[in-house]
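> I am sharing entry-v1.cif, which consists of mmCIF, C-alpha atoms:
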data_data
#
loop_
_atom_site.label_atom_id
_atom_site.label_comp_id
_atom_site.auth_asym_id
_atom_site.auth_seq_id
_atom_site.Cartn_x
_atom_site.Cartn_y
_atom_site.Cartn_z
CA MET T 1200 -10.94 -5.69 -17.23
CA ASP T 1201 -13.28 -8.57 -16.47
CA TYR T 1202 -12.18 -10.87 -13.66
CA SER T 1203 -13.90 -13.97 -12.36
CA GLN T 1204 -14.14 -14.58 -8.63
CA ASP T 1205 -10.76 -15.32 -7.01
CA LYS T 1206 -9.00 -14.23 -10.20
CA ILE T 1207 -5.52 -12.82 -9.65
CA VAL T 1208 -5.50 -9.06 -10.31
CA LEU T 1209 -1.87 -8.39 -9.31
CA LYS T 1210 1.16 -10.61 -9.14
CA ALA T 1211 4.75 -9.80 -8.19
CA GLU T 1212 7.46 -12.44 -8.66
CA SER T 1213 11.03 -11.91 -7.42
CA LEU T 1214 10.35 -8.18 -7.81
CA LYS T 1215 13.24 -5.81 -7.24
CA ILE T 1216 13.00 -2.01 -7.25
CA HIS T 1217 16.37 -0.30 -6.71
CA TYR T 1218 16.95 3.46 -6.51
CA HIS T 1219 19.96 4.90 -8.31
CA THR T 1220 22.13 7.19 -6.15
CA GLN T 1221 25.67 8.57 -6.37
CA LYS T 1222 26.76 5.94 -3.84
CA GLY T 1223 25.15 3.05 -5.68
CA TYR T 1224 21.75 1.39 -5.77
CA VAL T 1225 19.43 1.46 -2.77
CA ARG T 1226 17.73 -1.94 -2.64
CA ALA T 1227 14.37 -0.61 -1.43
CA VAL T 1228 12.40 -3.62 -2.71
CA ASP T 1229 14.59 -6.66 -3.05
CA GLY T 1230 12.99 -9.82 -4.35
CA ILE T 1231 9.41 -10.01 -3.15
CA ASP T 1232 6.51 -12.22 -4.18
CA LEU T 1233 2.89 -11.17 -3.73
CA VAL T 1234 -0.49 -12.24 -5.13
CA LEU T 1235 -3.63 -10.10 -4.89
CA LYS T 1236 -7.04 -11.52 -5.82
CA LYS T 1237 -10.25 -9.84 -6.95
CA GLY T 1238 -12.07 -8.12 -4.06
CA GLU T 1239 -9.27 -8.89 -1.58
CA THR T 1240 -7.48 -6.50 0.79
CA ILE T 1241 -3.81 -7.09 1.57
CA GLY T 1242 -2.18 -5.08 4.34
CA ILE T 1243 1.55 -4.38 3.97
CA VAL T 1244 3.14 -3.49 7.31
CA GLY T 1245 6.61 -2.77 8.62
CA GLU T 1246 8.91 -0.08 10.01
CA SER T 1247 9.50 3.19 8.19
CA GLY T 1248 12.02 2.73 5.39
CA CYS T 1249 11.30 -0.97 4.85
CA GLY T 1250 10.10 -0.47 1.24
CA LYS T 1251 6.30 -0.42 1.65
CA SER T 1252 5.65 2.86 -0.18
CA THR T 1253 8.28 2.08 -2.81
CA PHE T 1254 6.39 -1.10 -3.65
CA GLY T 1255 3.08 0.77 -3.88
CA GLN T 1256 4.44 3.60 -6.02
CA GLY T 1257 6.47 1.13 -8.05
CA ILE T 1258 3.27 -0.57 -9.23
CA LEU T 1259 2.34 2.74 -10.89
CA LYS T 1260 5.97 3.57 -11.82
CA LEU T 1261 5.85 6.89 -9.98
CA LEU T 1262 9.50 6.60 -8.93
CA PRO T 1263 12.58 8.52 -10.24
CA ALA T 1264 13.56 7.93 -13.87
CA LYS T 1265 16.74 5.93 -13.10
CA THR T 1266 14.98 3.48 -10.79
CA LYS T 1267 15.85 -0.11 -11.77
CA TYR T 1268 13.15 -2.80 -11.96
CA GLU T 1269 13.82 -6.54 -12.09
CA GLY T 1270 11.62 -9.62 -11.85
CA LYS T 1271 7.96 -9.67 -12.84
CA LEU T 1272 5.08 -7.37 -11.99
CA SER T 1273 1.71 -7.83 -13.67
CA VAL T 1274 -1.70 -6.23 -13.20
CA GLY T 1275 -4.26 -8.57 -14.73
CA LYS T 1276 -2.70 -9.40 -18.09
CA ILE T 1277 -0.62 -6.20 -18.22
CA ASP T 1278 3.13 -6.59 -17.77
CA ILE T 1279 4.02 -3.36 -15.93
CA ILE T 1280 7.82 -3.29 -16.00
CA PRO T 1281 8.35 -2.77 -19.79
CA LEU T 1282 5.74 0.02 -20.05
CA ASN T 1283 6.84 3.56 -20.87
CA GLU T 1284 5.36 6.75 -19.40
CA LYS T 1285 2.71 7.12 -22.12
CA GLU T 1286 1.57 3.52 -21.65
CA MET T 1287 1.53 3.87 -17.85
CA LYS T 1288 -0.89 6.80 -18.09
CA LYS T 1289 -3.49 4.34 -19.36
CA VAL T 1290 -2.96 2.19 -16.25
CA ARG T 1291 -2.94 4.95 -13.63
CA GLY T 1292 -6.41 5.79 -12.41
CA LYS T 1293 -8.29 3.49 -14.78
CA VAL T 1294 -6.73 0.15 -13.80
CA VAL T 1295 -4.93 1.08 -10.56
CA GLY T 1296 -6.00 4.00 -8.37
CA MET T 1297 -3.87 5.57 -5.64
CA ILE T 1298 -4.71 7.20 -2.32
CA PHE T 1299 -1.59 9.08 -1.23
CA GLN T 1300 -0.35 9.71 2.32
CA ASP T 1301 -1.01 13.45 2.53
CA PRO T 1302 -4.01 14.75 0.58
CA MET T 1303 -3.01 18.39 1.17
CA THR T 1304 0.17 17.95 -0.86
CA SER T 1305 -1.43 15.53 -3.36
CA LEU T 1306 -4.37 17.77 -4.26
CA ASN T 1307 -3.47 20.97 -6.12
CA PRO T 1308 -4.52 23.73 -3.68
CA ILE T 1309 -5.28 26.29 -6.43
CA ILE T 1310 -7.54 24.03 -8.53
CA LYS T 1311 -11.16 23.56 -7.54
CA VAL T 1312 -12.31 20.05 -6.71
CA GLU T 1313 -14.64 19.89 -9.72
CA LYS T 1314 -11.72 20.57 -12.08
CA LEU T 1315 -9.61 17.88 -10.38
CA PHE T 1316 -12.30 15.35 -11.25
CA TYR T 1317 -12.67 16.73 -14.79
CA GLU T 1318 -8.93 16.40 -15.48
CA THR T 1319 -8.87 12.88 -14.04
CA LEU T 1320 -11.81 11.73 -16.17
CA ARG T 1321 -10.65 13.55 -19.32
CA GLU T 1322 -7.30 11.75 -19.21
CA HIS T 1323 -9.06 8.43 -19.85
CA GLU T 1324 -12.24 9.68 -21.53
CA PRO T 1325 -11.04 12.54 -23.81
CA GLY T 1326 -14.52 13.33 -25.13
CA ILE T 1327 -16.19 13.84 -21.76
CA SER T 1328 -17.80 17.23 -21.17
CA PHE T 1329 -17.26 19.33 -18.07
CA ASP T 1330 -20.94 18.93 -17.09
CA ALA T 1331 -20.79 15.14 -17.48
CA ALA T 1332 -17.63 15.04 -15.37
CA ARG T 1333 -19.33 17.15 -12.68
CA GLU T 1334 -22.26 14.75 -12.64
CA ARG T 1335 -19.96 11.74 -12.18
CA ALA T 1336 -18.02 13.59 -9.48
CA ALA T 1337 -21.24 14.52 -7.65
CA ARG T 1338 -22.32 10.86 -7.47
CA ILE T 1339 -19.01 9.60 -6.08
CA LEU T 1340 -18.66 12.55 -3.65
CA GLU T 1341 -22.10 11.78 -2.23
CA LYS T 1342 -20.96 8.21 -1.61
CA VAL T 1343 -17.99 9.45 0.43
CA GLY T 1344 -20.19 11.84 2.42
CA ILE T 1345 -19.43 15.17 0.72
CA GLU T 1346 -22.20 17.46 -0.54
CA PRO T 1347 -21.89 17.93 -4.33
CA GLU T 1348 -22.10 21.74 -3.97
CA ARG T 1349 -18.66 21.69 -2.35
CA MET T 1350 -17.10 20.73 -5.69
CA ARG T 1351 -16.76 24.46 -6.39
CA GLU T 1352 -14.40 24.85 -3.42
CA TYR T 1353 -10.62 24.49 -3.24
CA PRO T 1354 -8.87 21.66 -1.33
CA PHE T 1355 -7.56 24.04 1.34
CA GLN T 1356 -11.18 24.82 2.28
CA PHE T 1357 -11.70 21.23 3.44
CA SER T 1358 -10.68 19.63 6.73
CA GLY T 1359 -8.05 16.86 6.76
CA GLY T 1360 -10.66 14.11 6.91
CA MET T 1361 -12.73 15.70 4.12
CA ARG T 1362 -9.64 16.06 1.91
CA GLN T 1363 -8.96 12.37 2.40
CA ARG T 1364 -12.54 11.63 1.33
CA VAL T 1365 -11.93 13.65 -1.85
CA MET T 1366 -8.77 11.59 -2.47
CA ILE T 1367 -10.73 8.36 -2.07
CA ALA T 1368 -13.40 9.63 -4.46
CA LEU T 1369 -10.74 10.59 -7.04
CA ALA T 1370 -9.17 7.13 -6.73
CA LEU T 1371 -12.53 5.41 -7.29
CA VAL T 1372 -14.21 7.66 -9.88
CA LEU T 1373 -12.84 5.55 -12.77
CA ASN T 1374 -13.79 2.31 -10.97
CA PRO T 1375 -10.26 0.79 -11.03
CA ASP T 1376 -9.57 -2.88 -10.42
CA ILE T 1377 -7.04 -2.09 -7.67
CA VAL T 1378 -6.71 0.78 -5.18
CA ILE T 1379 -3.40 1.37 -3.40
CA ALA T 1380 -3.98 3.16 -0.09
CA ASP T 1381 -0.64 4.48 1.17
CA GLU T 1382 -0.99 5.42 4.85
CA PRO T 1383 -4.56 6.68 4.24
CA THR T 1384 -5.13 7.71 7.86
CA THR T 1385 -1.81 9.41 8.64
CA SER T 1386 -2.19 12.71 10.55
CA LEU T 1387 -5.92 12.11 11.16
CA ASP T 1388 -7.37 11.81 14.66
CA VAL T 1389 -8.61 8.41 15.78
CA ILE T 1390 -12.32 9.16 15.24
CA VAL T 1391 -11.74 10.37 11.67
CA GLN T 1392 -9.39 7.42 11.09
CA ALA T 1393 -12.18 5.00 11.97
CA GLN T 1394 -14.60 6.81 9.67
CA ILE T 1395 -12.16 6.78 6.74
CA LEU T 1396 -11.36 3.08 7.16
CA GLU T 1397 -15.03 2.17 7.45
CA LEU T 1398 -15.78 4.22 4.32
CA LEU T 1399 -12.91 2.67 2.36
CA ASP T 1400 -13.98 -0.85 3.28
CA GLU T 1401 -17.61 -0.12 2.40
CA LEU T 1402 -16.62 1.28 -1.01
CA ARG T 1403 -14.30 -1.68 -1.65
CA ARG T 1404 -17.25 -4.03 -1.21
CA SER T 1405 -19.57 -1.82 -3.22
CA TYR T 1406 -17.19 -1.54 -6.19
CA ASP T 1407 -15.70 -5.05 -5.77
CA THR T 1408 -12.25 -3.47 -5.81
CA SER T 1409 -9.02 -5.05 -4.57
CA VAL T 1410 -7.03 -2.97 -2.07
CA ILE T 1411 -3.35 -2.81 -1.14
CA LEU T 1412 -3.26 -1.11 2.26
CA ILE T 1413 0.20 0.23 3.14
CA THR T 1414 0.68 1.23 6.78
CA HIS T 1415 2.86 0.95 9.86
CA ASP T 1416 -0.27 0.84 12.03
CA LEU T 1417 -1.16 -2.75 12.90
CA GLY T 1418 -4.53 -1.62 14.23
CA VAL T 1419 -5.49 -0.35 10.78
CA VAL T 1420 -4.78 -3.66 9.03
CA ALA T 1421 -6.58 -5.54 11.82
CA GLN T 1422 -9.72 -3.67 10.87
CA MET T 1423 -9.52 -3.98 7.07
CA ALA T 1424 -7.13 -6.61 5.73
CA ASP T 1425 -7.90 -10.16 4.65
CA LYS T 1426 -4.20 -11.03 4.40
CA ILE T 1427 -1.08 -9.38 5.81
CA ALA T 1428 2.42 -9.16 4.36
CA VAL T 1429 5.18 -8.10 6.76
CA MET T 1430 8.11 -6.22 5.18
CA TYR T 1431 11.58 -5.78 6.61
CA ALA T 1432 14.62 -4.20 4.92
CA GLY T 1433 13.15 -4.47 1.42
CA GLN T 1434 11.89 -8.05 1.73
CA MET T 1435 8.61 -9.68 2.71
CA VAL T 1436 9.52 -11.84 5.69
CA GLU T 1437 6.06 -13.27 6.39
CA GLN T 1438 2.67 -13.53 4.65
CA ASN T 1439 -0.54 -15.15 5.78
CA VAL T 1440 -4.21 -14.51 6.49
CA LYS T 1441 -4.88 -11.88 9.13
CA ASN T 1442 -5.74 -14.14 12.08
CA LYS T 1443 -2.66 -16.32 11.55
CA ILE T 1444 -0.39 -13.25 11.61
CA TYR T 1445 -1.98 -11.81 14.75
CA TYR T 1446 -2.47 -14.98 16.78
CA GLU T 1447 0.17 -17.36 15.41
CA PRO T 1448 3.04 -15.23 14.04
CA LYS T 1449 6.05 -17.18 12.81
CA HIS T 1450 8.86 -14.76 11.97
CA PRO T 1451 10.75 -13.28 14.96
CA TYR T 1452 10.32 -9.79 13.52
CA THR T 1453 6.54 -10.21 13.29
CA LYS T 1454 6.43 -11.46 16.89
CA LEU T 1455 8.44 -8.51 18.18
CA LEU T 1456 6.45 -6.06 16.06
CA LEU T 1457 3.21 -7.29 17.62
CA LYS T 1458 4.71 -7.17 21.13
CA SER T 1459 5.66 -3.53 20.58
CA ILE T 1460 2.00 -2.47 20.32
CA PRO T 1461 1.09 -0.59 23.54
CA ASN T 1462 -1.59 -2.46 25.48
CA THR T 1463 -4.43 -1.10 27.60
CA ASN T 1464 -3.75 -3.21 30.68
CA PRO T 1465 -3.02 -0.77 33.58
CA GLU T 1466 -1.08 -3.53 35.39
CA ASP T 1467 1.36 -3.89 32.47
CA LEU T 1468 2.95 -0.54 31.66
CA GLN T 1469 6.07 -2.06 30.09
CA LEU T 1470 6.77 -0.57 26.63
CA ASN T 1471 8.37 -3.20 24.42
CA PHE T 1472 10.62 -2.28 21.50
CA ILE T 1473 12.93 -3.94 18.99
CA PRO T 1474 16.56 -3.11 19.84
CA GLY T 1475 18.95 -2.07 17.09
CA SER T 1476 18.26 -0.67 13.63
CA PRO T 1477 17.51 -2.13 10.19
CA PRO T 1478 20.52 -2.55 7.88
CA SER T 1479 21.41 0.07 5.29
CA LEU T 1480 19.73 -0.71 1.99
CA LEU T 1481 22.83 0.60 0.21
CA ASN T 1482 25.01 -2.16 1.66
CA VAL T 1483 22.71 -5.03 2.55
CA PRO T 1484 24.44 -7.97 4.28
CA GLU T 1485 24.34 -11.30 2.44
CA ARG T 1486 22.66 -13.04 5.38
CA CYS T 1487 19.35 -12.86 7.18
CA ARG T 1488 18.63 -9.14 7.33
CA PHE T 1489 17.07 -9.39 10.77
CA ALA T 1490 19.90 -11.45 12.26
CA SER T 1491 21.60 -8.59 14.16
CA ARG T 1492 18.35 -7.85 16.04
CA CYS T 1493 16.98 -11.37 16.37
CA PRO T 1494 16.78 -13.13 19.77
CA PHE T 1495 16.78 -16.54 18.00
CA ARG T 1496 19.93 -15.99 15.93
CA MET T 1497 21.80 -19.15 14.88
CA ASP T 1498 25.00 -19.85 12.95
CA ILE T 1499 23.01 -20.64 9.80
CA CYS T 1500 21.59 -17.10 9.86
CA GLU T 1501 24.86 -15.98 8.26
CA LYS T 1502 23.27 -17.27 5.05
CA GLU T 1503 20.21 -15.61 3.57
CA PRO T 1504 17.16 -17.82 4.26
CA PRO T 1505 14.80 -18.93 1.49
CA VAL T 1506 11.02 -18.60 1.79
CA PHE T 1507 9.42 -21.57 3.57
CA GLY T 1508 5.76 -22.52 3.22
CA ILE T 1509 4.19 -23.17 6.61
CA ASP T 1510 0.69 -23.18 8.10
CA GLY T 1511 -0.88 -21.93 4.86
CA GLY T 1512 1.48 -18.95 4.63
CA GLN T 1513 5.09 -18.06 3.89
CA VAL T 1514 7.97 -17.14 6.17
CA LYS T 1515 11.56 -16.17 5.38
CA CYS T 1516 13.38 -17.61 8.40
CA TRP T 1517 15.77 -20.51 9.09
CA LEU T 1518 13.74 -21.54 12.16
CA TYR T 1519 11.35 -23.28 9.75
CA ARG T 1520 13.88 -25.07 7.53
#
Any chance you could put this one into structure tokens?

Amino acid sequence: MDYSQDKIVLKAESLKIHYHTQKGYVRAVDGIDLVLKKGETIGIVGESGCGKSTFGQGILKLLPAKTKYEGKLSVGKIDIIPLNEKEMKKVRGKVVGMIFQDPMTSLNPIIKVEKLFYETLREHEPGISFDAARERAARILEKVGIEPERMREYPFQFSGGMRQRVMIALALVLNPDIVIADEPTTSLDVIVQAQILELLDELRRSYDTSVILITHDLGVVAQMADKIAVMYAGQMVEQNVKNKIYYEPKHPYTKLLLKSIPNTNPEDLQLNFIPGSPPSLLNVPERCRFASRCPFRMDICEKEPPVFGIDGGQVKCWLYR
């Protein structure tokens, strides 16, 4: 696809993604709006179970067969929701790449790295030869800091950080318009984390790729994101540019989330936390979903708040009515 500068590459409008279970539908993503522009990085943050990974995998329709989609979800001019599995295969990898949480379970341990690249390229370029695929793989592996000779090895022969570099290379080898990075630094030590994030950001600029960075680590999005979207209980409760979120947060959940980050001041050893638990996404209350944990709760919070535009961003809270 050919996008002009600032062109929208992904747009979600009132998007709902509900899992089918024997007890009913789990409202994992429940009415979110998001816009991603060319070359932009959006960080999606929130507690475990808030719907971050469901949103990311939902873009590629990698969820169970009975998952219900509502609203609108478009990548460029492609309307994703009506597409069947055969049509989605043309989108995965070529239009939207994915870096999964755990490369050890995402990379087939009994297939050599060179064949992983060959299968990825052949899916979208059926006529490509094995030698041509190896040549393409060698170029992208060099860019992520892996010697091309190591293509003949198996994933289990690589360290955790090197496996993640292979995953990044696989996600970028087809030069997609969007890369979804789902917890790309989970289980890596802090030094390797920094290297992976620096590499990912460098490649994003080099390929002019848009990135959706899904994480619970606010330090990670501070390093990479242009904008941040905060998710809670299946909804996006606040969106704005990075500095506004960090220095002028609006939603009570965002404020408490930032306060819960351990600080390095030896005179302040207090560990802050958010009391209570998120609501069950099987039986979501028809009110503000953060109300039971919110220190600013009011009577009006018994009604679900709309999204208010404020300070160049959006916030889903009655405090700004």
> Wanna dump the region 1424-1504 of chain T-region 1397-1416 of chain T contacts at 12 Å for me, each residue with its shortest atom pair and the distance in Å to one decimal, counting only C-alpha atoms, ordered by chain and number, as CSV?

residue,atom,partner,partner_atom,distance
T:Ala1424,CA,T:Leu1412,CA,7.6
T:Asp1425,CA,T:Val1410,CA,9.9
T:Lys1426,CA,T:Ile1411,CA,9.9
T:Ile1427,CA,T:Leu1412,CA,9.3
T:Ala1428,CA,T:Ile1413,CA,9.7
T:Val1429,CA,T:His1415,CA,9.8
T:Met1430,CA,T:His1415,CA,10.0
T:Tyr1431,CA,T:His1415,CA,11.5
T:Leu1456,CA,T:His1415,CA,10.0
T:Leu1457,CA,T:Asp1416,CA,10.5
T:Ser1459,CA,T:Asp1416,CA,11.3
T:Ile1460,CA,T:Asp1416,CA,9.2
T:Pro1461,CA,T:Asp1416,CA,11.7
> In Å to one decimal, how far is CA of Ile1243 (chain T) from CA of Pro1484 (chain T)?
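Straight-line distance from CA of Pro1484 (chain T) to CA of Ile1243 (chain T) works out to 23.2 Å.
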> Translate the PyMOL selection byres ((chain T and resi 1476) around 10) into a concrete residue list for this structure, as a list in words.
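Those residues are Ile1473, Pro1474, Gly1475, Pro1477, Pro1478, Ser1479, Phe1489, Ser1491 and Arg1492 of chain T.
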> Please evaluate the PyMOL selection byres ((chain T and resi 1211) around 7) against the displayed coordinates and give the resulting residues as a PyMOL selection string.
chain T and resi 1209-1210+1212-1214+1231-1234+1271-1273
> Please write as a ChimeraX atom specification the full residue list that the PyMOL selection byres ((chain T and resi 1303) around 12) yields on this file.
/T:1298-1302,1304-1309,1353-1366,1385-1386
> List as a list in words the protein and nucleic acid residues near region 1502-1504 of chain T, meaning an atom at most 12 Å away when only C-alpha atoms are counted, but skip any in the same chain fewer than 4 places from it.
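Returned residues: Gln1434, Met1435, Val1436, His1450, Val1483, Pro1484, Glu1485, Arg1486, Cys1487, Arg1488, Phe1489, Ala1490, Arg1496, Met1497, Asp1498, Val1514, Lys1515, Cys1516, Trp1517, Leu1518, Tyr1519 and Arg1520 of chain T.
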> So which residues touch Val1274 (chain T) within 12 Å, counting all atoms listed in the file, skipping near sequence neighbours fewer than 3 positions away, as a PyMOL selection string?
chain T and resi 1200+1202+1206-1212+1233-1237+1258-1259+1271+1277-1280+1282+1287+1290-1291+1293-1295+1375-1378+1409
> For Leu1261 (chain T), which residue out of T:Cys1249, T:Glu1284, T:Asp1388, T:Leu1373 is the nearest one, using all atoms listed in the file?
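Using all atoms listed in the file, the shortest distance to Leu1261 (chain T) belongs to T:Glu1284.
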> Please report the interatomic distance between CA of Gly1418 (chain T) and CA of Asn1374 (chain T) in Å with one decimal.
27.1 Å
